[in-house]
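Student: Below is the file query-v9.txt, with compact mmCIF, C-alpha atoms.
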# COMPACT_ATOMS: atom_id res chain seq x y z
CA MET A 197 5.53 21.63 -12.78
CA LEU A 198 6.96 21.35 -9.29
CA PHE A 199 9.31 18.57 -10.35
CA ASN A 200 9.74 16.03 -13.09
CA ASN A 201 6.42 15.20 -14.76
CA ALA A 202 7.10 11.48 -15.03
CA LEU A 203 8.11 11.25 -11.37
CA ALA A 204 5.01 13.19 -10.41
CA LEU A 205 2.95 10.72 -12.42
CA THR A 206 4.47 7.80 -10.54
CA LEU A 207 3.90 9.38 -7.13
CA LEU A 208 0.33 10.29 -8.02
CA LEU A 209 -0.74 6.87 -9.30
CA SER A 210 1.23 4.84 -6.79
CA GLY A 211 0.03 6.98 -3.91
CA ALA A 212 -3.59 6.80 -5.00
CA ALA A 213 -3.40 3.02 -5.28
CA ALA A 214 -1.53 2.55 -2.04
CA PHE A 215 -4.12 4.55 -0.08
CA ASN A 216 -7.08 2.88 -1.90
CA VAL A 217 -8.79 6.13 -2.83
CA ALA A 218 -10.83 5.37 -5.97
CA PRO A 219 -14.35 6.74 -5.49
CA LYS A 220 -16.61 3.87 -4.48
CA ASN A 221 -19.51 5.20 -6.55
CA ASN A 222 -17.50 5.00 -9.77
CA PRO A 223 -17.16 1.33 -10.88
CA MET A 224 -14.70 2.09 -13.66
CA LEU A 225 -12.33 3.98 -11.39
CA SER A 226 -12.75 1.37 -8.67
CA ASP A 227 -11.73 -1.36 -11.12
CA VAL A 228 -8.77 0.68 -12.30
CA ASN A 229 -7.69 1.36 -8.74
CA LYS A 230 -8.08 -2.33 -7.86
CA ASN A 231 -5.82 -3.27 -10.76
CA ILE A 232 -3.21 -0.68 -9.81
CA ALA A 233 -3.36 -1.64 -6.13
CA GLY A 234 -2.83 -5.27 -7.03
CA MET A 235 0.40 -4.37 -8.81
CA VAL A 236 1.66 -1.42 -6.78
CA ALA A 237 3.82 -3.58 -4.49
CA ALA A 238 6.31 -3.46 -7.32
CA GLY A 239 6.05 0.32 -7.59
CA VAL A 240 8.71 2.77 -6.60
CA ILE A 241 7.21 4.01 -3.34
CA SER A 242 6.26 0.53 -2.19
CA ALA A 243 9.68 -0.80 -3.13
CA ALA A 244 11.30 1.91 -1.04
CA ALA A 245 9.01 1.16 1.88
CA LEU A 246 9.80 -2.55 1.65
CA LEU A 247 13.53 -1.98 1.54
CA PRO A 248 14.28 0.84 4.01
CA GLY A 249 17.30 -0.90 5.49
CA ALA A 250 18.89 -1.49 2.12
CA ALA A 251 17.83 1.77 0.51
CA MET A 252 20.67 3.52 -1.29
CA ALA A 253 23.23 1.11 0.12
CA ALA A 254 24.62 0.05 -3.25
CA ASP A 255 25.33 1.57 -6.67
CA SER A 256 22.19 -0.11 -8.02
CA LEU A 257 19.42 -1.88 -6.16
CA VAL A 258 17.39 -2.39 -9.32
CA VAL A 259 19.20 -3.40 -12.50
CA GLY A 260 20.16 -7.05 -12.50
CA THR A 261 18.04 -7.86 -9.44
CA PRO A 262 14.64 -9.54 -8.95
CA LEU A 263 13.23 -6.07 -8.30
CA GLU A 264 14.00 -5.10 -11.90
CA THR A 265 11.90 -8.02 -13.10
CA LYS A 266 9.04 -7.07 -10.80
CA LEU A 267 9.14 -3.46 -11.93
CA SER A 268 9.28 -4.48 -15.59
CA ASN A 269 6.30 -6.75 -15.10
CA PHE A 270 4.49 -3.93 -13.33
CA GLY A 271 5.24 -1.56 -16.19
CA GLU A 272 3.88 -4.02 -18.74
CA ALA A 273 0.76 -4.95 -16.76
CA SER A 274 -0.07 -1.38 -15.77
CA TYR A 275 0.29 0.06 -19.27
CA PRO A 276 -3.26 -0.69 -20.45
CA VAL A 277 -4.63 0.30 -17.03
CA PHE A 278 -3.05 3.74 -17.12
CA ASN A 279 -4.12 4.17 -20.75
CA SER A 280 -7.72 3.42 -19.75
CA ILE A 281 -7.88 6.33 -17.28
CA LYS A 282 -9.62 9.14 -19.14
CA ASP A 283 -9.61 11.52 -16.21
CA VAL A 284 -7.46 11.03 -13.11
CA SER A 285 -9.07 13.98 -11.31
CA PRO A 286 -11.68 11.95 -9.35
CA ILE A 287 -8.94 9.67 -7.99
CA ALA A 288 -6.82 12.68 -7.06
CA ASP A 289 -9.76 14.49 -5.48
CA SER A 290 -10.51 11.42 -3.36
CA PHE A 291 -6.84 11.16 -2.41
CA LEU A 292 -6.62 14.80 -1.34
CA GLY A 293 -9.97 14.58 0.44
CA LEU A 294 -8.80 11.54 2.36
CA VAL A 295 -5.54 13.25 3.31
CA ASN A 296 -7.37 16.40 4.42
CA THR A 297 -9.89 14.53 6.56
CA LYS A 298 -7.86 11.61 7.89
CA VAL A 299 -4.22 12.69 8.10
CA LYS A 300 -3.02 15.14 10.71
CA ALA A 301 -1.90 18.36 9.04
CA ALA A 302 1.55 18.17 10.61
CA ASP A 303 2.05 14.63 9.29
CA ALA A 304 0.89 15.51 5.79
CA SER A 305 3.24 18.48 5.84
CA GLU A 306 6.09 16.21 6.93
CA VAL A 307 5.52 13.94 3.92
CA ALA A 308 5.74 16.92 1.58
CA LYS A 309 8.85 18.30 3.28
CA THR A 310 10.72 14.99 3.40
CA ALA A 311 9.78 14.28 -0.22
CA VAL A 312 11.24 17.60 -1.36
CA ASP A 313 14.35 17.15 0.78
CA GLY A 314 14.81 13.65 -0.59
CA LEU A 315 14.44 14.73 -4.21
CA LEU A 316 16.87 17.59 -3.69
CA ALA A 317 19.40 15.14 -2.23
CA ILE A 318 19.39 12.92 -5.33
CA PRO A 319 22.74 13.36 -7.16
CA ASP A 320 22.56 15.56 -10.26
CA SER A 321 24.26 12.79 -12.21
CA SER A 322 21.32 10.50 -11.49
CA VAL A 323 18.86 13.12 -12.76
CA LEU A 324 20.84 13.47 -15.98
CA GLU A 325 20.95 9.71 -16.43
CA TYR A 326 17.22 9.59 -15.89
CA ARG A 327 16.73 12.27 -18.53
CA GLY A 328 18.67 10.17 -21.00
CA VAL A 329 16.44 7.14 -20.44
CA LEU A 330 13.31 9.26 -20.78
CA ARG A 331 14.44 10.91 -23.99
CA GLN A 332 16.10 7.98 -25.71
CA VAL A 333 13.92 5.08 -24.55
CA VAL A 334 10.70 5.86 -22.68
CA TYR A 335 9.47 8.69 -24.91
CA SER A 336 11.33 7.85 -28.09
CA GLY A 337 8.98 8.55 -30.99
CA VAL A 338 6.25 9.99 -28.75
CA LYS A 339 4.94 13.28 -30.17
CA PRO A 340 2.94 15.81 -28.11
CA ASP A 341 0.32 16.27 -30.81
CA THR A 342 -0.46 12.55 -31.15
CA CYS A 343 0.36 11.05 -27.74
CA VAL A 344 -2.06 9.41 -25.33
CA THR A 345 -2.21 11.49 -22.16
CA LEU A 346 -3.22 10.80 -18.60
CA GLY A 347 -6.34 12.95 -18.71
CA GLY A 348 -6.61 15.55 -16.00
CA SER A 349 -3.01 15.08 -14.85
CA GLY A 350 -2.12 18.74 -15.42
CA SER A 351 -4.96 20.11 -13.31
CA THR A 352 -4.41 17.37 -10.76
CA LEU A 353 -0.77 18.30 -10.23
CA GLN A 354 -1.86 21.90 -9.79
CA LYS A 355 -4.29 20.79 -7.08
CA PHE A 356 -1.43 19.06 -5.32
CA ALA A 357 0.65 22.22 -5.64
CA ASN A 358 -2.15 24.20 -3.99
CA SER A 359 -2.66 21.74 -1.15
CA ASP A 360 -1.87 22.86 2.39
CA ALA A 361 0.79 20.19 2.80
CA VAL A 362 2.71 21.26 -0.29
CA LYS A 363 2.33 24.95 0.47
CA SER A 364 3.92 24.32 3.87
CA VAL A 365 7.25 23.62 2.15
CA ASP A 366 9.74 26.47 1.82
CA SER A 367 9.17 28.06 -1.60
CA ALA A 368 12.93 28.40 -2.09
CA LYS A 369 13.23 24.61 -1.95
CA PHE A 370 10.61 24.26 -4.67
CA GLU A 371 12.51 26.68 -6.86
CA ALA A 372 15.65 24.63 -6.31
CA LEU A 373 13.71 21.45 -7.10
CA LYS A 374 12.33 22.95 -10.30
CA LYS A 375 15.84 23.89 -11.41
CA LYS A 376 17.29 20.51 -10.44
CA PHE A 377 14.74 18.49 -12.40
CA ALA A 378 14.52 20.82 -15.39
CA PRO A 379 16.74 18.56 -17.57
CA ALA A 380 14.54 15.51 -16.98
CA ASN A 381 11.34 17.54 -17.12
CA SER A 382 12.23 18.72 -20.60
CA ALA A 383 12.25 15.12 -21.82
CA VAL A 384 8.60 14.50 -20.86
CA PRO A 385 6.12 15.56 -23.58
CA THR A 386 2.77 17.05 -22.67
CA LYS A 387 -0.42 17.80 -24.57
CA ASN A 388 -2.90 20.44 -23.47
CA GLY A 389 -1.18 20.53 -20.09
CA ASP A 390 -1.49 16.79 -19.45
CA ILE A 391 1.41 14.33 -19.23
CA CYS A 392 1.95 12.03 -22.20
CA LEU A 393 2.13 8.33 -21.38
CA PRO A 394 4.89 6.08 -22.78
CA GLY A 395 4.17 4.88 -26.29
CA SER A 396 4.29 1.16 -25.58
CA ALA A 397 4.26 -1.45 -22.83
CA ALA A 398 7.99 -1.96 -23.34
CA ALA A 399 8.60 1.76 -22.82
CA SER A 400 6.42 1.66 -19.70
CA GLU A 401 8.64 -1.13 -18.33
CA LYS A 402 11.71 1.05 -18.82
CA LEU A 403 10.00 4.01 -17.16
CA TRP A 404 9.33 2.13 -13.92
CA VAL A 405 12.82 0.70 -13.77
CA ALA A 406 14.36 4.13 -14.46
CA GLN A 407 12.22 5.79 -11.79
CA ALA A 408 13.23 3.14 -9.28
CA GLU A 409 16.89 3.75 -10.10
CA LEU A 410 16.34 7.47 -9.61
CA THR A 411 14.52 6.95 -6.32
CA PHE A 412 17.14 4.56 -4.98
CA SER A 413 19.87 7.09 -5.68
CA MET A 414 18.42 9.17 -2.84
CA PRO A 415 20.87 9.22 0.11
CA LYS A 416 19.91 6.86 2.92
CA THR A 417 19.24 9.53 5.54
CA GLU A 418 16.71 11.39 3.39
CA ALA A 419 15.23 8.13 2.07
CA ASN A 420 14.59 6.74 5.53
CA ALA A 421 12.98 10.01 6.62
CA LEU A 422 10.68 9.95 3.59
CA VAL A 423 9.71 6.30 4.05
CA ALA A 424 8.94 6.93 7.73
CA SER A 425 6.76 9.96 7.00
CA ILE A 426 4.84 8.13 4.26
CA ALA A 427 4.28 5.14 6.54
CA LYS A 428 2.98 7.35 9.35
CA ALA A 429 0.58 9.25 7.09
CA GLY A 430 -0.44 6.12 5.23
CA LYS A 431 -1.63 4.41 8.41
CA GLN A 432 -3.98 7.31 9.01
CA ALA A 433 -5.19 7.68 5.43
CA THR A 434 -5.80 4.09 4.34
CA ARG A 435 -9.47 3.47 3.77
CA PRO A 436 -10.82 -0.07 4.38
CA THR A 437 -12.00 -1.91 1.27
What would you get if you wrote out this structure as structure tokens?

Tutor:
Amino acid sequence: MLFNNALALTLLLSGAAAFNVAPKNNPMLSDVNKNIAGMVAAGVISAAALLPGAAMAADSLVVGTPLETKLSNFGEASYPVFNSIKDVSPIADSFLGLVNTKVKAADASEVAKTAVDGLLAIPDSSVLEYRGVLRQVVYSGVKPDTCVTLGGSGSTLQKFANSDAVKSVDSAKFEALKKKFAPANSAVPTKNGDICLPGSAAASEKLWVAQAELTFSMPKTEANALVASIAKAGKQATRPT
């Protein structure tokens, strides 16, 4: 994987919901997307976009704050929704199709580049702390041979890796990113190439809080650049309901 599987899962689902990309001819996926979109304001990307001025300004912007409650509620409410997605590929295909047709190539490339730069700027200590939460809490007791997976997530992430925007990023940075997130990546079980979901709603709550903590550990300069690039691309890609 290009970077941590659980973080990739968050970016994929949050991004798909934020850009409203569920295929309109698939009622099940449209309902799933509607449910995710209704909750995604509490997600990591949306939280960062809502708090650009405060981003990374304190040791923790999550634990012990109202945002922690919102993220926990999101994790609980989204758990059955994510478990109901048998194949995420149609959502991802719609997302990539929308980006390719609506977003200027340079702007899509900028999102990929600022995302990688931002992830690389996260302190190693934060990545190790994140690994601990994944291993000891989020995926405690989850076994690869019996877990519930997000169907199609493996092939979907490969599609993202092969997209023009991602391929525009310096390959050396991706190698550095792979190395940086290897400790956390090792804590995320997979089955048949797909990412395992947390084993319970309570574990899902902890996952979203932990991912927010990880995201908010990104230095302010890189965080602001990422938020700005996402906002610019998002205005072009959003499809009316």

Student: Tell me which protein, DNA and RNA residues are within 7 Å of segment 297-314 of chain A, counting all atoms listed in the file, leaving out same-chain ones fewer than 2 positions away, and put them as a PyMOL selection string.

Tutor: chain A and resi 293-295+316-318+361-362+364-365+414+418-419+421-422+425-426+429+432-433

Student: When distances are computed from all atoms listed in the file, which of A:Ala398, A:Leu324, A:Ala273, A:Val405 shows the smallest separation from Lys376 of chain A?

Tutor: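 So, comparing all the options, the nearest one is A:Leu324.
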
Student: Taking 2 positions as the minimum chain separation for residues in the same chain, which residues sit within 6 Å of segment 329-336 of chain A when counting all atoms listed in the file? Answer as an MDAnalysis selection string.

Tutor: chainID A and resid 326:327 338 383 394 399 403

Student: Quick one, how far is atom CA of Val284 of chain A from atom CA of Ser268 of chain A?

Tutor: 23.0 Å

Student: Tell me, in Å to one decimal, how far atom CA of Ala357 of chain A is from atom CA of Ser322 of chain A.

Tutor: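 It comes out at 24.5 Å.
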
Student: Just give me the gap between atom CA of Asp283 of chain A and atom CA of Gly430 of chain A in Å, one decimal is fine.

Tutor: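 That distance, rounded to one decimal, is 23.9 Å.
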
Student: Ranking A:Leu353, A:Leu373, A:Val344, A:Ala424 by minimum distance to Leu292 of chain A and counting all atoms listed in the file, which one comes first?

Tutor: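 The shortest atom-to-atom distance to Leu292 of chain A comes from A:Leu353.
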
Student: Any idea what's packed within 9 Å of Thr386 of chain A, counting only C-alpha atoms, ignoring anything in its chain fewer than 2 positions away? Could you give it as an NGL selection string?

Tutor: :A and (201 or 339-341 or 343 or 345 or 350 or 384 or 388-393)
